[in-house]
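Inspection log for the structure reproduced underneath, given as structure tokens.
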Amino acid sequence: MGLIDSLKKAFSKPYETISVAQAKELLGSGATLIDVRSAQEWRTGRAPQARHVPLDRLQTGTAGIQKSRPVIAVCASGVRSASAARLLASQGYDAYSVRGGMTAWRQAGEPVR
């Protein structure tokens, strides 16, 4: 492996940032959606299929999230979900972060409960 390839690998993200549409597609094929926002934020509205796993809890363990399925993290805007996806990817998960978080989810007209 050459220097350029080594640098690309060193600086590449171990997870993928995806759109709401891509997240919906992955969910349709069996992915798990985790909402990493605080309990207060969770109560303001969430994606119906989301499981609540606050980021601070995820940092101390994977809360029984299956490694056999892709995991999509969502937060309010995409910052915490990127941290969650990076953490999960470092532990061997096929991890994704929703670009724009729940703000983008709502703007896309997706259901919130």
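If you're wondering about the labels, chains in the structure tokens are A, B, ... by order shown, residues count from 1 in each chain, ligands from 1 in order shown.
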- Going by DSSP on the backbone, which bits of chain A are helix (DSSP H, G or I)? Write them as a count of residues only, please. 46
- Message: Would you compute the distance between CA of Glu16 (chain A) and CA of Gly2 (chain A)? Give it in Å to one decimal.
- Response: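 Atom-to-atom, CA of Glu16 (chain A) to CA of Gly2 (chain A), that is 24.0 Å.
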- Got a sec: who's within 12 Å of Ala89 (chain A), counting only C-alpha atoms, leaving out chain neighbours fewer than 2 positions off, as an MDAnalysis selection string? chainID A and resid 13:16 62 67 70:73 81:87 91:97
Output file for the residues above (N, CA and C atoms, as a compact mmCIF listing (two decimals), in the first residue's frame):
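Writing the result to out.txt gives the following:
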```txt
# COMPACT_ATOMS: atom_id res chain seq x y z
N LYS A 13 -13.64 8.22 6.91
CA LYS A 13 -14.62 7.98 7.96
C LYS A 13 -14.94 6.48 7.98
N PRO A 14 -15.04 5.90 9.15
CA PRO A 14 -15.36 4.47 9.24
C PRO A 14 -16.87 4.21 9.12
N TYR A 15 -17.64 5.27 8.91
CA TYR A 15 -19.09 5.16 8.78
C TYR A 15 -19.51 6.03 7.60
N GLU A 16 -20.78 5.92 7.23
CA GLU A 16 -21.27 6.72 6.11
C GLU A 16 -22.36 7.67 6.59
N THR A 62 -22.94 -1.01 24.13
CA THR A 62 -23.74 -0.96 22.91
C THR A 62 -25.21 -1.27 23.13
N LYS A 67 -25.11 -6.71 15.94
CA LYS A 67 -24.08 -6.43 14.93
C LYS A 67 -24.45 -7.01 13.58
N PRO A 70 -27.26 -3.49 9.82
CA PRO A 70 -26.74 -2.12 9.81
C PRO A 70 -27.42 -1.29 10.91
N VAL A 71 -26.69 -0.33 11.46
CA VAL A 71 -27.23 0.55 12.50
C VAL A 71 -27.16 1.99 12.00
N ILE A 72 -28.31 2.66 12.09
CA ILE A 72 -28.41 4.05 11.67
C ILE A 72 -28.63 4.91 12.91
N ALA A 73 -27.77 5.89 13.12
CA ALA A 73 -27.90 6.79 14.26
C ALA A 73 -28.51 8.11 13.80
N SER A 81 -25.08 12.05 16.14
CA SER A 81 -25.24 10.77 15.43
C SER A 81 -23.95 10.40 14.70
N ALA A 82 -23.19 11.39 14.24
CA ALA A 82 -21.88 11.11 13.62
C ALA A 82 -20.93 10.51 14.65
N SER A 83 -20.95 11.05 15.88
CA SER A 83 -20.12 10.50 16.95
C SER A 83 -20.54 9.07 17.27
N ALA A 84 -21.85 8.84 17.31
CA ALA A 84 -22.37 7.50 17.60
C ALA A 84 -21.98 6.52 16.50
N ALA A 85 -22.12 6.94 15.25
CA ALA A 85 -21.77 6.07 14.12
C ALA A 85 -20.28 5.76 14.13
N ARG A 86 -19.45 6.76 14.43
CA ARG A 86 -18.00 6.54 14.50
C ARG A 86 -17.68 5.53 15.60
N LEU A 87 -18.31 5.68 16.74
CA LEU A 87 -18.10 4.77 17.87
C LEU A 87 -18.52 3.35 17.50
N GLN A 91 -16.33 -0.41 16.66
CA GLN A 91 -16.60 -1.67 17.36
C GLN A 91 -17.10 -2.76 16.40
N GLY A 92 -16.97 -2.48 15.10
CA GLY A 92 -17.29 -3.50 14.11
C GLY A 92 -18.69 -3.46 13.54
N TYR A 93 -19.46 -2.44 13.84
CA TYR A 93 -20.81 -2.31 13.29
C TYR A 93 -20.76 -1.69 11.91
N ASP A 94 -21.75 -2.02 11.09
CA ASP A 94 -21.98 -1.35 9.81
C ASP A 94 -22.82 -0.14 10.18
N ALA A 95 -22.19 1.02 10.36
CA ALA A 95 -22.84 2.18 10.97
C ALA A 95 -23.03 3.34 10.00
N TYR A 96 -24.14 4.07 10.24
CA TYR A 96 -24.52 5.21 9.41
C TYR A 96 -25.00 6.34 10.31
N SER A 97 -24.91 7.56 9.82
CA SER A 97 -25.42 8.74 10.51
C SER A 97 -26.35 9.47 9.56
```
- Give me, please, the distance in Å between CA of Arg46 (chain A) and CA of Arg106 (chain A), quoted to one decimal.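 Between CA of Arg46 (chain A) and CA of Arg106 (chain A) the gap is 9.4 Å.
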